[in-house]
Amino acid sequence: MVTPGNEMKWQVVEPTQGVFDWSGADNLLAFAKANDQLVRGHTFCWHNQLPTWLTTGVSNGTISNSQLRDLLRNHIFTEAGRFRGKIWQWDVCNEFLTDSNPSMVNPNDFWISHLGTGVIADAFRWAHEADPGALLFYNDYNIGGEDGSNAKSDAAFALVRGLLDQGVPIHGVGNQGHLDTQFGWSPQRLQADLERYASLGLKVALTEVDVRTFVNNATDQVPTNSLELFAQPYEFSEMLKAALAVPECISFTVWGFVDADSWVPGFFTGEGYATPYDVNLNPKPAYFSMQSDLRLAAFGAPHRVRTRTPHP
């Protein structure tokens with residue numbers, strides 16, 4: 001399975017209003033088809049990586065809120081329609097919750113501030129109408145207990161339960177899984193949160209997994225503390241084990257597979273080493289840890305034969 005990091009975001013597919021560039025998305029789909037892979041579509045409705053013509057038009061008043069709603073609807077129908085029947089899962093709405101405690105739908109979010117909270121339900125309904133065969137996900141970070149308090153997970157649970165109560169066609173919850181070894185984290189809480197989303201009848205997924213730490217520089221990305229060489233594979237492995245332990249968890253996606261192309265150094269000063277491969281494309285301990293987990297998950301542990309030691 002593969003996920004487009006940027007190739008299906010609005011900024012990329014429609015950089016100029018009415019002028020579309022599907023080349024990156026088409027290349028990804030062709031690669032997936034050639035390698036017998038499924039595709040997670042990412043993402044329809046997010047406050048970030050929007051085309052400049054859209055955000056500028058909203059800010060200067062040339063695009064009204066009513067027009068903005070129509071533009072979002074048309075964007076979803078255009079993109080979902082183009083790839084209808086070819087996308088396994090879509091991240092329909094991405095990162096709508098605050099990080100505060102208590103967490104809630106962010107009133108300052110671009111979409112919420114202009115179109116109200118109902119835009120979330122609208123986006124799911126439009127996506128389902130455009131591609132009724134795709135699984136539709138709400139996707140966010142820190143909704144697997146990574147914040148320690150579980151406040152954001154509580155908000156996500158309330159959000160998706162409310163959507164289900166309204167009859168909104170939502171099929172799953174994606175927990176991104178961006179971890180940082182400097183912060184505490186509980187794999188048991190992650191599993192429990194995945195299980196409670198699943199208790200609503202939803203599928204769950206780990207959608208953007210990486211584990212960052214402090215490094216010497218953004219080029220070499222060597223951890224500054226040798227203990228991180230053990231912490232990083234541990235957290236990768238425990239996330240994978242949580243996913244494997246929950247039957248409703250249907251996918252596990254690493255966000256970039258090589259440190260040289262990771263988004264982390266560009267967003268977190270002094271941090272990196274976030275993927276299973278180093279900057280030279282060599283597999284790291286995290287790669288082998290997850291490989292062992294998957295081998296056991298697929299085949300189980302070999303049976304052991306007990307033998308009695310004869311008495312002298």
# chains A, B, ... in the order shown; residues from 1 in each chain; ligands from 1
$ residues_around --residues "Gly272 in chain A" --least-positions-apart "2" --cutoff "12 Å" --atoms "only C-alpha atoms" --output "PyMOL selection string"
chain A and resi 178-181+210-224+228+232+258-270+274-279
$ write_last_selection --atoms "N, CA, C and O atoms" --output "short mmCIF file (atom, residue, chain, number, x, y, z; two decimals), in the first residue's frame"
data_model
loop_
_atom_site.label_atom_id
_atom_site.label_comp_id
_atom_site.auth_asym_id
_atom_site.auth_seq_id
_atom_site.Cartn_x
_atom_site.Cartn_y
_atom_site.Cartn_z
N HIS A 178 2.87 10.27 14.66
CA HIS A 178 4.13 11.01 14.69
C HIS A 178 4.62 11.07 16.14
O HIS A 178 4.04 11.77 16.97
N LEU A 179 5.69 10.35 16.44
CA LEU A 179 6.22 10.32 17.80
C LEU A 179 7.57 11.03 17.88
O LEU A 179 8.29 11.16 16.89
N ASP A 180 7.90 11.48 19.09
CA ASP A 180 9.18 12.12 19.39
C ASP A 180 9.71 11.46 20.65
O ASP A 180 9.02 11.44 21.69
N THR A 181 10.92 10.93 20.59
CA THR A 181 11.44 10.14 21.72
C THR A 181 11.65 10.96 22.98
O THR A 181 11.82 10.39 24.06
N ASP A 210 6.09 7.90 12.07
CA ASP A 210 7.53 8.13 12.14
C ASP A 210 7.90 8.44 13.59
O ASP A 210 7.03 8.74 14.41
N VAL A 211 9.18 8.32 13.91
CA VAL A 211 9.66 8.53 15.28
C VAL A 211 10.92 9.38 15.20
O VAL A 211 11.98 8.91 14.78
N ARG A 212 10.82 10.63 15.59
CA ARG A 212 11.94 11.57 15.46
C ARG A 212 12.72 11.68 16.77
O ARG A 212 12.23 11.36 17.85
N THR A 213 13.94 12.18 16.64
CA THR A 213 14.79 12.39 17.80
C THR A 213 15.81 13.48 17.47
O THR A 213 15.90 13.94 16.32
N PHE A 214 16.59 13.91 18.47
CA PHE A 214 17.60 14.95 18.24
C PHE A 214 18.80 14.36 17.50
O PHE A 214 19.25 13.25 17.80
N VAL A 215 19.31 15.14 16.51
CA VAL A 215 20.39 14.66 15.65
C VAL A 215 21.49 15.70 15.56
O VAL A 215 21.31 16.86 15.92
N ASN A 216 22.64 15.26 15.02
CA ASN A 216 23.80 16.16 14.91
C ASN A 216 23.58 17.26 13.87
O ASN A 216 23.96 18.41 14.08
N ASN A 217 22.96 16.92 12.73
CA ASN A 217 22.63 17.92 11.71
C ASN A 217 21.59 17.32 10.77
O ASN A 217 21.33 16.11 10.78
N ALA A 218 21.00 18.18 9.93
CA ALA A 218 19.92 17.74 9.05
C ALA A 218 20.41 16.90 7.88
O ALA A 218 19.61 16.23 7.23
N THR A 219 21.72 16.92 7.62
CA THR A 219 22.26 16.17 6.50
C THR A 219 22.57 14.73 6.87
O THR A 219 22.12 13.78 6.21
N ASP A 220 23.32 14.55 7.95
CA ASP A 220 23.72 13.20 8.36
C ASP A 220 22.70 12.52 9.25
O ASP A 220 22.58 11.30 9.27
N GLN A 221 22.00 13.31 10.07
CA GLN A 221 20.95 12.82 10.96
C GLN A 221 21.40 11.65 11.84
O GLN A 221 20.76 10.60 11.90
N VAL A 222 22.50 11.87 12.54
CA VAL A 222 22.99 10.89 13.51
C VAL A 222 22.46 11.30 14.88
O VAL A 222 22.66 12.44 15.31
N PRO A 223 21.79 10.42 15.61
CA PRO A 223 21.27 10.79 16.93
C PRO A 223 22.37 11.27 17.86
O PRO A 223 23.48 10.72 17.87
N THR A 224 22.07 12.30 18.63
CA THR A 224 23.06 12.86 19.55
C THR A 224 23.19 12.04 20.82
O THR A 224 24.14 12.22 21.58
N GLU A 228 18.97 6.71 21.79
CA GLU A 228 17.90 6.86 20.81
C GLU A 228 17.93 5.75 19.77
O GLU A 228 16.92 5.47 19.12
N GLN A 232 14.08 4.54 19.27
CA GLN A 232 13.35 4.67 18.01
C GLN A 232 12.76 3.34 17.53
O GLN A 232 11.56 3.26 17.24
N VAL A 258 12.70 7.06 4.06
CA VAL A 258 14.14 7.31 4.14
C VAL A 258 14.38 8.68 4.77
O VAL A 258 13.67 9.65 4.48
N ASP A 259 15.35 8.76 5.67
CA ASP A 259 15.61 10.01 6.41
C ASP A 259 15.94 11.18 5.49
O ASP A 259 15.60 12.33 5.80
N ALA A 260 16.60 10.92 4.36
CA ALA A 260 17.01 12.00 3.48
C ALA A 260 15.82 12.78 2.93
O ALA A 260 15.95 13.97 2.59
N ASP A 261 14.65 12.14 2.83
CA ASP A 261 13.47 12.80 2.28
C ASP A 261 12.40 13.08 3.33
O ASP A 261 11.29 13.48 2.99
N SER A 262 12.72 12.87 4.59
CA SER A 262 11.73 13.07 5.66
C SER A 262 11.38 14.54 5.82
O SER A 262 12.22 15.43 5.65
N TRP A 263 10.14 14.79 6.18
CA TRP A 263 9.67 16.16 6.44
C TRP A 263 10.20 16.70 7.76
O TRP A 263 10.19 17.91 7.98
N VAL A 264 10.67 15.83 8.66
CA VAL A 264 10.96 16.21 10.04
C VAL A 264 12.02 17.29 10.18
O VAL A 264 11.81 18.30 10.88
N PRO A 265 13.23 17.16 9.57
CA PRO A 265 14.25 18.20 9.79
C PRO A 265 13.81 19.59 9.38
O PRO A 265 14.27 20.59 9.95
N GLY A 266 12.91 19.69 8.41
CA GLY A 266 12.45 20.99 7.95
C GLY A 266 11.43 21.63 8.86
O GLY A 266 11.16 22.83 8.75
N PHE A 267 10.83 20.85 9.78
CA PHE A 267 9.78 21.37 10.65
C PHE A 267 10.16 21.36 12.13
O PHE A 267 9.60 22.13 12.91
N PHE A 268 11.09 20.50 12.52
CA PHE A 268 11.51 20.41 13.91
C PHE A 268 13.01 20.64 13.98
O PHE A 268 13.81 19.75 13.65
N THR A 269 13.39 21.84 14.39
CA THR A 269 14.80 22.22 14.43
C THR A 269 15.60 21.27 15.30
O THR A 269 15.25 21.02 16.45
N GLY A 270 16.68 20.75 14.73
CA GLY A 270 17.57 19.88 15.49
C GLY A 270 17.14 18.44 15.57
O GLY A 270 17.80 17.63 16.22
N ALA A 274 13.90 9.97 11.53
CA ALA A 274 12.51 9.63 11.86
C ALA A 274 11.96 8.40 11.16
O ALA A 274 10.90 7.91 11.52
N THR A 275 12.66 7.88 10.15
CA THR A 275 12.11 6.80 9.33
C THR A 275 12.88 5.50 9.56
O THR A 275 13.86 5.46 10.30
N PRO A 276 12.47 4.42 8.89
CA PRO A 276 13.18 3.14 9.05
C PRO A 276 14.47 3.01 8.25
O PRO A 276 15.19 2.03 8.41
N TYR A 277 14.76 3.99 7.35
CA TYR A 277 16.00 3.95 6.55
C TYR A 277 16.81 5.22 6.79
O TYR A 277 16.25 6.32 6.86
N ASP A 278 18.14 5.09 6.87
CA ASP A 278 18.97 6.26 7.10
C ASP A 278 19.15 7.07 5.80
O ASP A 278 18.57 6.74 4.75
N VAL A 279 19.95 8.12 5.87
CA VAL A 279 20.10 9.02 4.73
C VAL A 279 20.77 8.35 3.53
O VAL A 279 20.69 8.84 2.40
#
$ residues_around --residues "range 23-31 of chain A" --least-positions-apart "4" --cutoff "8 Å" --atoms "only C-alpha atoms" --output "ChimeraX atom specification"
/A:4,7-8,35,39,86
$ write_last_selection --atoms "all heavy atoms" --output "mmCIF file, in the first residue's frame"
data_model
loop_
_atom_site.group_PDB
_atom_site.id
_atom_site.type_symbol
_atom_site.label_atom_id
_atom_site.label_comp_id
_atom_site.auth_asym_id
_atom_site.auth_seq_id
_atom_site.Cartn_x
_atom_site.Cartn_y
_atom_site.Cartn_z
ATOM 1 N N PRO A 4 0.117 9.059 -1.139
ATOM 2 C CA PRO A 4 0.772 10.250 -1.672
ATOM 3 C C PRO A 4 1.064 11.237 -0.550
ATOM 4 O O PRO A 4 0.142 11.643 0.175
ATOM 5 C CB PRO A 4 -0.258 10.814 -2.657
ATOM 6 C CG PRO A 4 -1.571 10.353 -2.109
ATOM 7 C CD PRO A 4 -1.312 9.007 -1.495
ATOM 8 N N GLU A 7 1.079 14.571 -3.504
ATOM 9 C CA GLU A 7 0.649 14.570 -4.906
ATOM 10 C C GLU A 7 -0.857 14.718 -5.108
ATOM 11 O O GLU A 7 -1.304 14.994 -6.227
ATOM 12 C CB GLU A 7 1.135 13.280 -5.587
ATOM 13 C CG GLU A 7 2.631 13.217 -5.791
ATOM 14 C CD GLU A 7 3.377 12.736 -4.539
ATOM 15 O OE1 GLU A 7 2.718 12.507 -3.489
ATOM 16 O OE2 GLU A 7 4.609 12.599 -4.617
ATOM 17 N N MET A 8 -1.657 14.514 -4.072
ATOM 18 C CA MET A 8 -3.106 14.642 -4.218
ATOM 19 C C MET A 8 -3.673 15.822 -3.424
ATOM 20 O O MET A 8 -4.894 15.970 -3.336
ATOM 21 C CB MET A 8 -3.802 13.342 -3.816
ATOM 22 C CG MET A 8 -3.557 12.191 -4.775
ATOM 23 S SD MET A 8 -4.480 10.706 -4.334
ATOM 24 C CE MET A 8 -3.984 9.588 -5.650
ATOM 25 N N ASN A 35 2.706 -2.623 -9.140
ATOM 26 C CA ASN A 35 3.264 -3.400 -8.028
ATOM 27 C C ASN A 35 2.190 -4.034 -7.149
ATOM 28 O O ASN A 35 2.482 -4.469 -6.037
ATOM 29 C CB ASN A 35 4.166 -2.498 -7.190
ATOM 30 C CG ASN A 35 5.441 -2.114 -7.916
ATOM 31 O OD1 ASN A 35 6.406 -2.873 -7.950
ATOM 32 N ND2 ASN A 35 5.437 -0.938 -8.529
ATOM 33 N N VAL A 39 -3.979 2.028 -2.588
ATOM 34 C CA VAL A 39 -3.622 3.442 -2.427
ATOM 35 C C VAL A 39 -4.524 4.078 -1.377
ATOM 36 O O VAL A 39 -5.749 3.913 -1.403
ATOM 37 C CB VAL A 39 -3.754 4.213 -3.759
ATOM 38 C CG1 VAL A 39 -3.422 5.693 -3.557
ATOM 39 C CG2 VAL A 39 -2.838 3.604 -4.818
ATOM 40 N N LYS A 86 -10.413 3.598 -7.701
ATOM 41 C CA LYS A 86 -8.978 3.318 -7.685
ATOM 42 C C LYS A 86 -8.328 3.581 -6.327
ATOM 43 O O LYS A 86 -7.159 3.240 -6.131
ATOM 44 C CB LYS A 86 -8.270 4.173 -8.748
ATOM 45 C CG LYS A 86 -8.750 3.903 -10.171
ATOM 46 C CD LYS A 86 -8.054 4.809 -11.173
ATOM 47 C CE LYS A 86 -8.549 4.548 -12.590
ATOM 48 N NZ LYS A 86 -7.886 5.447 -13.585
#
$ residues_around --residues "range 154-171 of chain A" --least-positions-apart "2" --cutoff "7 Å" --atoms "only C-alpha atoms" --output "number ranges by chain"
A: 103-104, 121, 124-125, 128, 135-137, 143, 150-152, 197, 202-203
$ closest_residue --among "A:Val105, A:Cys45, A:Ala134, A:Leu190" --to "Asp122 in chain A" --atoms "only C-alpha atoms"
A:Cys45
$ select_by_dssp --residues "range 52-288 of chain A" --states "alpha helix (DSSP H)" --output "number ranges by chain"
A: 52-60, 65-82, 110-115, 118-130, 151-165, 187-198, 228-245, 264-267, 285-288
$ atom_distance --atom1 "CA of Ile76 in chain A" --atom2 "CA of Phe44 in chain A"
6.3 Å
$ closest_residue --among "A:Thr78, A:Thr117, A:Thr16, A:Asn94" --to "Asp131 in chain A" --atoms "only C-alpha atoms"
A:Thr78
$ select_by_dssp --residues "range 101-137 of chain A" --states "strand (DSSP E or B)" --output "list of chain:residue names"
A:Val105, A:Leu135, A:Leu136, A:Phe137
$ atom_distance --atom1 "CA of Gly18 in chain A" --atom2 "CA of His114 in chain A"
21.9 Å
$ closest_residue --among "A:Pro233, A:Pro15, A:Gly116, A:Gly184" --to "Gln291 in chain A" --atoms "only C-alpha atoms"
A:Pro233
$ closest_residue --among "A:Tyr273, A:Gln37, A:Phe288, A:Glu195" --to "Val246 in chain A" --atoms "only C-alpha atoms"
A:Glu195
$ closest_residue --among "A:Ala80, A:Trp10, A:Ile120, A:Leu71" --to "Thr52 in chain A" --atoms "only C-alpha atoms"
A:Trp10
$ atom_distance --atom1 "CA of Asp293 in chain A" --atom2 "CA of Leu281 in chain A"
21.2 Å
$ closest_residue --among "A:Gly144, A:Gly118, A:Gly61, A:Pro283" --to "Asp193 in chain A" --atoms "only C-alpha atoms"
A:Gly144
$ residues_around --residues "Gln67 in chain A" --least-positions-apart "4" --cutoff "12 Å" --atoms "only C-alpha atoms" --output "number ranges by chain"
A: 54, 57-58, 61-63, 71-74, 114-115
$ write_last_selection --atoms "N, CA and C atoms" --output "PDB file, in the first residue's frame"
ATOM      1  N   LEU A  54      -6.890  30.292  -3.851  1.00  0.00           N
ATOM      2  CA  LEU A  54      -8.034  30.082  -2.962  1.00  0.00           C
ATOM      3  C   LEU A  54      -7.899  30.902  -1.680  1.00  0.00           C
ATOM      4  N   GLY A  57      -8.046  34.659  -2.368  1.00  0.00           N
ATOM      5  CA  GLY A  57      -9.398  35.074  -2.699  1.00  0.00           C
ATOM      6  C   GLY A  57     -10.302  35.167  -1.480  1.00  0.00           C
ATOM      7  N   VAL A  58     -10.122  34.250  -0.560  1.00  0.00           N
ATOM      8  CA  VAL A  58     -10.913  34.293   0.675  1.00  0.00           C
ATOM      9  C   VAL A  58     -10.502  35.487   1.526  1.00  0.00           C
ATOM     10  N   GLY A  61     -11.660  38.842  -0.004  1.00  0.00           N
ATOM     11  CA  GLY A  61     -13.094  38.970  -0.171  1.00  0.00           C
ATOM     12  C   GLY A  61     -13.622  38.686  -1.554  1.00  0.00           C
ATOM     13  N   THR A  62     -12.743  38.308  -2.498  1.00  0.00           N
ATOM     14  CA  THR A  62     -13.238  38.009  -3.839  1.00  0.00           C
ATOM     15  C   THR A  62     -13.875  36.616  -3.917  1.00  0.00           C
ATOM     16  N   ILE A  63     -13.618  35.788  -2.909  1.00  0.00           N
ATOM     17  CA  ILE A  63     -14.293  34.497  -2.787  1.00  0.00           C
ATOM     18  C   ILE A  63     -15.131  34.550  -1.511  1.00  0.00           C
ATOM     19  N   LEU A  71     -16.653  25.662  -4.005  1.00  0.00           N
ATOM     20  CA  LEU A  71     -15.328  25.281  -4.500  1.00  0.00           C
ATOM     21  C   LEU A  71     -14.835  23.997  -3.843  1.00  0.00           C
ATOM     22  N   LEU A  72     -15.074  23.864  -2.523  1.00  0.00           N
ATOM     23  CA  LEU A  72     -14.671  22.648  -1.833  1.00  0.00           C
ATOM     24  C   LEU A  72     -15.452  21.450  -2.373  1.00  0.00           C
ATOM     25  N   ARG A  73     -16.746  21.631  -2.535  1.00  0.00           N
ATOM     26  CA  ARG A  73     -17.567  20.538  -3.073  1.00  0.00           C
ATOM     27  C   ARG A  73     -17.058  20.132  -4.456  1.00  0.00           C
ATOM     28  N   ASN A  74     -16.804  21.102  -5.303  1.00  0.00           N
ATOM     29  CA  ASN A  74     -16.329  20.802  -6.651  1.00  0.00           C
ATOM     30  C   ASN A  74     -14.961  20.132  -6.631  1.00  0.00           C
ATOM     31  N   HIS A 114     -14.881  29.668   8.276  1.00  0.00           N
ATOM     32  CA  HIS A 114     -15.644  30.212   7.153  1.00  0.00           C
ATOM     33  C   HIS A 114     -16.949  29.461   6.880  1.00  0.00           C
ATOM     34  N   LEU A 115     -16.955  28.152   7.152  1.00  0.00           N
ATOM     35  CA  LEU A 115     -18.114  27.348   6.762  1.00  0.00           C
ATOM     36  C   LEU A 115     -18.807  26.670   7.939  1.00  0.00           C
TER      37      LEU A 115
END
